[in-house]
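**Student:** Starting off with a structure, shown below.
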Amino acid sequence: MKIGFIFPGQGAQSVGMGKDLYEAYDEVKQVYEKVSKISGVDIAKITFEGPETELFQTKNTQLAILTMSIAILEILKKKEIVPEYAAGLSLGEYSALYCAEAFDFETVTKIVKKRGELMQELVPNGDWSMAAIMGLEDEKVEEVCQTITNGFVVPANFNCPGQVAISGEKNAVIHAMEKMKEAGARKCVELKTAGPFHTVKLQDASNALREVLQGVEIQNPKILVVKNIDAKPYLQTDNQQEILAKHVINPVRFSDTIKYMIKNGVDTFVEIGPGKVLTGFVKKVDKDVKLININSVETLETAIQELKK
């Protein structure tokens with residue numbers, strides 16, 4: 001068994017996520033308490049009680065998802081369950097880097113809090129949206145986006161074969177969705193996000209994040225972490241601060257990330273955090289790999305049994 005941990009990003013959140021884990025494990029409760037102390041945000045209250053409008057603010061969403069993922073990781077670490085590879089979708093890359101000990105607890109908490117704030121506060125004025133396009137090849141989605149002339153829209157997340165998220169101005173995104181359907185898309189769904197993420201429109205947020213990261217020491221990952229930006233592992237020679245700054249303005253190449261991990265022998269993918277979207281993406285890449293989700297007490301206990309075999 002060659003294990004890859006994968007971590008969800010923004011969009012996977014829901015009010016109440018992780019509450020049963022918080023109530024069942026002291027280690028989980030301690031993670032939430034530490035995050036609240038470091039960040040000054042009562043993350044347990046926002047996550048478990050909402051309201052949804054508060055949890056869905058980017059500055060809270062990112063911290064809430066990171067906290068749940070780290071809390072689960074602490075239990076797995078105690079059980080001596082460790083992966084050979086790790087990766088995350090967008091925000092999830094920070095959880096992956098924490099898993100690989102590139103960040104310590106306090107550092108990753110502070111950076112993700114700041115990242116969420118910057119991505120919320122430095123969104124340029126405008127009406128922005130994202131949409132998932134299903135049933136078209138990557139190249140076709142790019143081609144259709146290039147034909148849209150009534151505003152800005154580009155591919156932002158290459159999630160899996162047949163699913164790409166586009167990002168940009170709301171009118172342009174809606175127009176692109178119509179064109180995608182004409183081009184043969186099976187389904188187009190507008191997403192619950194609050195900005196033109198993973199596009200050049202977040203250049204100000206990228207620049208500000210770069211300044212924050214330059215004051216942070218990032219260790220070389222102790223396991224292989226596959227980057228969103230190019231679907232290759234971090235190397236000792238990489239400028240990690242620069243990569244993470246560029247991360248918010250470049251497309252997420254998650255499909256290629258999974259292909260890289262499978263090509264290098266990963267046969268068991270464990271999704272750690274809210275939802276189970278990522279294992280769905282992996283299944284579209286290769287239906288024969290083993291898939292495990294951990295997002296509740298029940299799924300955690302089942303996973304421990306499976307992974308300790």
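Every chain in the structure tokens has a letter given in the order shown (A, B, ...), and although residue numbers restart at 1 in each chain, ligands are simply numbered from 1 in the order shown.
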I need the strand (DSSP E or B) residues of region 57-263 of chain A per DSSP on the backbone, written as number ranges by chain.
**Tutor:** A: 85-88, 128-134, 153-160, 163-169, 187-190, 224-226, 233, 252
**Student:** Any idea what's packed within 10 Å of Thr107 (chain A), counting only C-alpha atoms, ignoring anything in its chain fewer than 2 positions away? Could you give it as a compact mmCIF listing (two decimals) with C-alpha atoms, in the first residue's frame?
**Tutor:**
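File result.txt, as written:
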```txt
# COMPACT_ATOMS: atom_id res chain seq x y z
CA ILE A 38 -3.14 31.87 17.66
CA TYR A 98 1.89 21.05 7.31
CA ALA A 102 7.32 22.24 6.04
CA PHE A 103 5.27 24.48 8.36
CA ASP A 104 4.89 24.24 12.11
CA PHE A 105 1.42 24.61 13.67
CA THR A 109 -2.29 28.94 11.19
CA LYS A 110 -1.00 32.51 10.87
CA ILE A 111 -0.30 32.22 7.13
CA VAL A 112 -3.66 30.70 6.25
CA LYS A 113 -5.48 33.30 8.37
CA VAL A 216 8.45 33.06 7.14
CA GLU A 217 10.84 30.13 7.31
CA ILE A 218 9.59 27.13 5.35
```
**Student:** Find the spatial neighbours of region 253-262 of chain A, counting only C-alpha atoms, within a cut-off of 9 Å - ignore same-chain residues fewer than 3 positions away - and output them as a PyMOL selection string.
**Tutor:** chain A and resi 4+85-90+156-161+226-232+265-267+281-282+285-286+289
**Student:** So which one's closest to Asn220 (chain A), A:Val252, A:Ile133, A:Met119, A:Cys99? Using only C-alpha atoms, please.
**Tutor:** A:Cys99
**Student:** For region 5-12 of chain A, list every protein, DNA or RNA residue within 7 Å, evaluated using only C-alpha atoms, and leave out those in the same chain fewer than 3 positions away; present the list as a list in words.
**Tutor:**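 The residues satisfying every condition are Thr61, Gln62, Pro83, Tyr85, Ala86, Ala87, Gly88, Leu89, Ser90, Leu91, Gly92, Ser95, Ala96, Lys192, Thr193, Phe269, Val270, Glu271, Ile272, Gly273, Pro274, Gly275 and Leu278 of chain A.
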**Student:** Can you write just those residues out, N, CA and C atoms, as an mmCIF file, in the first residue's frame?
**Tutor:**
```
data_model
loop_
_atom_site.group_PDB
_atom_site.id
_atom_site.type_symbol
_atom_site.label_atom_id
_atom_site.label_comp_id
_atom_site.auth_asym_id
_atom_site.auth_seq_id
_atom_site.Cartn_x
_atom_site.Cartn_y
_atom_site.Cartn_z
ATOM 1 N N THR A 61 -13.525 30.686 6.080
ATOM 2 C CA THR A 61 -13.574 29.386 5.397
ATOM 3 C C THR A 61 -12.213 28.713 5.397
ATOM 4 N N GLN A 62 -11.187 29.464 4.991
ATOM 5 C CA GLN A 62 -9.869 28.862 4.832
ATOM 6 C C GLN A 62 -9.323 28.371 6.170
ATOM 7 N N PRO A 83 1.695 9.236 5.144
ATOM 8 C CA PRO A 83 1.675 8.988 3.701
ATOM 9 C C PRO A 83 3.073 9.076 3.089
ATOM 10 N N TYR A 85 3.087 10.460 -0.072
ATOM 11 C CA TYR A 85 2.830 11.679 -0.844
ATOM 12 C C TYR A 85 1.695 12.470 -0.184
ATOM 13 N N ALA A 86 1.701 13.781 -0.442
ATOM 14 C CA ALA A 86 0.582 14.622 -0.011
ATOM 15 C C ALA A 86 0.336 15.688 -1.072
ATOM 16 N N ALA A 87 -0.916 16.101 -1.173
ATOM 17 C CA ALA A 87 -1.286 17.181 -2.097
ATOM 18 C C ALA A 87 -2.594 17.775 -1.607
ATOM 19 N N GLY A 88 -2.883 18.981 -2.054
ATOM 20 C CA GLY A 88 -4.152 19.603 -1.679
ATOM 21 C C GLY A 88 -4.696 20.409 -2.832
ATOM 22 N N LEU A 89 -5.982 20.685 -2.772
ATOM 23 C CA LEU A 89 -6.611 21.521 -3.791
ATOM 24 C C LEU A 89 -6.582 22.966 -3.294
ATOM 25 N N SER A 90 -5.781 23.798 -3.951
ATOM 26 C CA SER A 90 -5.683 25.212 -3.601
ATOM 27 C C SER A 90 -5.279 25.375 -2.135
ATOM 28 N N LEU A 91 -6.172 25.904 -1.289
ATOM 29 C CA LEU A 91 -5.900 26.029 0.143
ATOM 30 C C LEU A 91 -5.339 24.733 0.733
ATOM 31 N N GLY A 92 -5.819 23.586 0.243
ATOM 32 C CA GLY A 92 -5.406 22.287 0.768
ATOM 33 C C GLY A 92 -3.910 22.036 0.682
ATOM 34 N N SER A 95 -2.357 22.504 4.043
ATOM 35 C CA SER A 95 -2.521 21.328 4.914
ATOM 36 C C SER A 95 -1.501 20.255 4.547
ATOM 37 N N ALA A 96 -1.277 20.086 3.225
ATOM 38 C CA ALA A 96 -0.300 19.105 2.754
ATOM 39 C C ALA A 96 1.108 19.466 3.230
ATOM 40 N N LYS A 192 -20.180 28.352 -5.070
ATOM 41 C CA LYS A 192 -20.319 29.279 -3.931
ATOM 42 C C LYS A 192 -18.943 29.823 -3.547
ATOM 43 N N THR A 193 -18.420 30.703 -4.360
ATOM 44 C CA THR A 193 -17.132 31.326 -4.046
ATOM 45 C C THR A 193 -17.275 32.834 -4.187
ATOM 46 N N PHE A 269 -5.645 6.634 -1.831
ATOM 47 C CA PHE A 269 -5.813 8.078 -1.611
ATOM 48 C C PHE A 269 -6.740 8.299 -0.416
ATOM 49 N N VAL A 270 -6.270 9.106 0.525
ATOM 50 C CA VAL A 270 -7.044 9.401 1.733
ATOM 51 C C VAL A 270 -7.369 10.893 1.741
ATOM 52 N N GLU A 271 -8.650 11.220 1.600
ATOM 53 C CA GLU A 271 -9.072 12.625 1.625
ATOM 54 C C GLU A 271 -9.356 13.020 3.074
ATOM 55 N N ILE A 272 -8.669 14.058 3.537
ATOM 56 C CA ILE A 272 -8.708 14.446 4.951
ATOM 57 C C ILE A 272 -9.297 15.835 5.081
ATOM 58 N N GLY A 273 -10.530 15.899 5.612
ATOM 59 C CA GLY A 273 -11.201 17.190 5.765
ATOM 60 C C GLY A 273 -12.643 17.089 5.300
ATOM 61 N N PRO A 274 -13.338 18.229 5.248
ATOM 62 C CA PRO A 274 -14.768 18.197 4.924
ATOM 63 C C PRO A 274 -15.056 17.713 3.505
ATOM 64 N N GLY A 275 -16.196 17.060 3.363
ATOM 65 C CA GLY A 275 -16.651 16.625 2.041
ATOM 66 C C GLY A 275 -15.920 15.409 1.523
ATOM 67 N N LEU A 278 -12.746 15.435 -3.527
ATOM 68 C CA LEU A 278 -11.453 15.085 -4.121
ATOM 69 C C LEU A 278 -11.360 13.612 -4.493
#
```
**Student:** Which residue, A:Ile174, A:Val189, A:Leu213, A:Val28, has the smallest gap to Ile148 (chain A) when you use only C-alpha atoms?
**Tutor:**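 Of the candidates, the smallest distance to Ile148 (chain A) is held by A:Ile174.
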**Student:** What does the distance between CA of Leu21 (chain A) and CA of Thr47 (chain A) come to in Å, to one decimal place?
**Tutor:**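 Spanning CA of Leu21 (chain A) to CA of Thr47 (chain A) is a straight-line distance of 12.4 Å.
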**Student:** Write out as a PDB file with C-alpha atoms, in the first residue's frame the residues lying within 12 Å of Gln146 (chain A), counting only C-alpha atoms and excluding same-chain residues fewer than 4 positions away.
**Tutor:**
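Contents of the output file part_4.pdb:
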```
ATOM      1  CA  GLU A 139      -8.661  22.304 -24.259  1.00  0.00           C
ATOM      2  CA  LYS A 140     -12.293  22.915 -25.237  1.00  0.00           C
ATOM      3  CA  VAL A 141     -12.980  24.818 -22.002  1.00  0.00           C
ATOM      4  CA  GLU A 142      -9.935  27.029 -22.644  1.00  0.00           C
ATOM      5  CA  ASN A 150     -18.103  40.637 -22.799  1.00  0.00           C
ATOM      6  CA  GLY A 151     -15.756  40.318 -19.806  1.00  0.00           C
ATOM      7  CA  PHE A 152     -12.980  38.351 -18.133  1.00  0.00           C
ATOM      8  CA  VAL A 153     -13.231  34.565 -17.711  1.00  0.00           C
ATOM      9  CA  VAL A 154     -10.498  31.898 -17.673  1.00  0.00           C
ATOM     10  CA  PRO A 155     -10.031  28.275 -16.557  1.00  0.00           C
ATOM     11  CA  ILE A 166     -13.779  28.675 -14.676  1.00  0.00           C
ATOM     12  CA  ALA A 172     -18.707  36.562 -18.524  1.00  0.00           C
ATOM     13  CA  VAL A 173     -18.920  33.354 -16.446  1.00  0.00           C
ATOM     14  CA  HIS A 175     -22.094  33.701 -20.851  1.00  0.00           C
ATOM     15  CA  ALA A 176     -19.304  31.106 -20.851  1.00  0.00           C
ATOM     16  CA  LYS A 179     -21.379  28.613 -24.626  1.00  0.00           C
ATOM     17  CA  MET A 180     -20.034  25.520 -22.836  1.00  0.00           C
TER      18      MET A 180
END
```
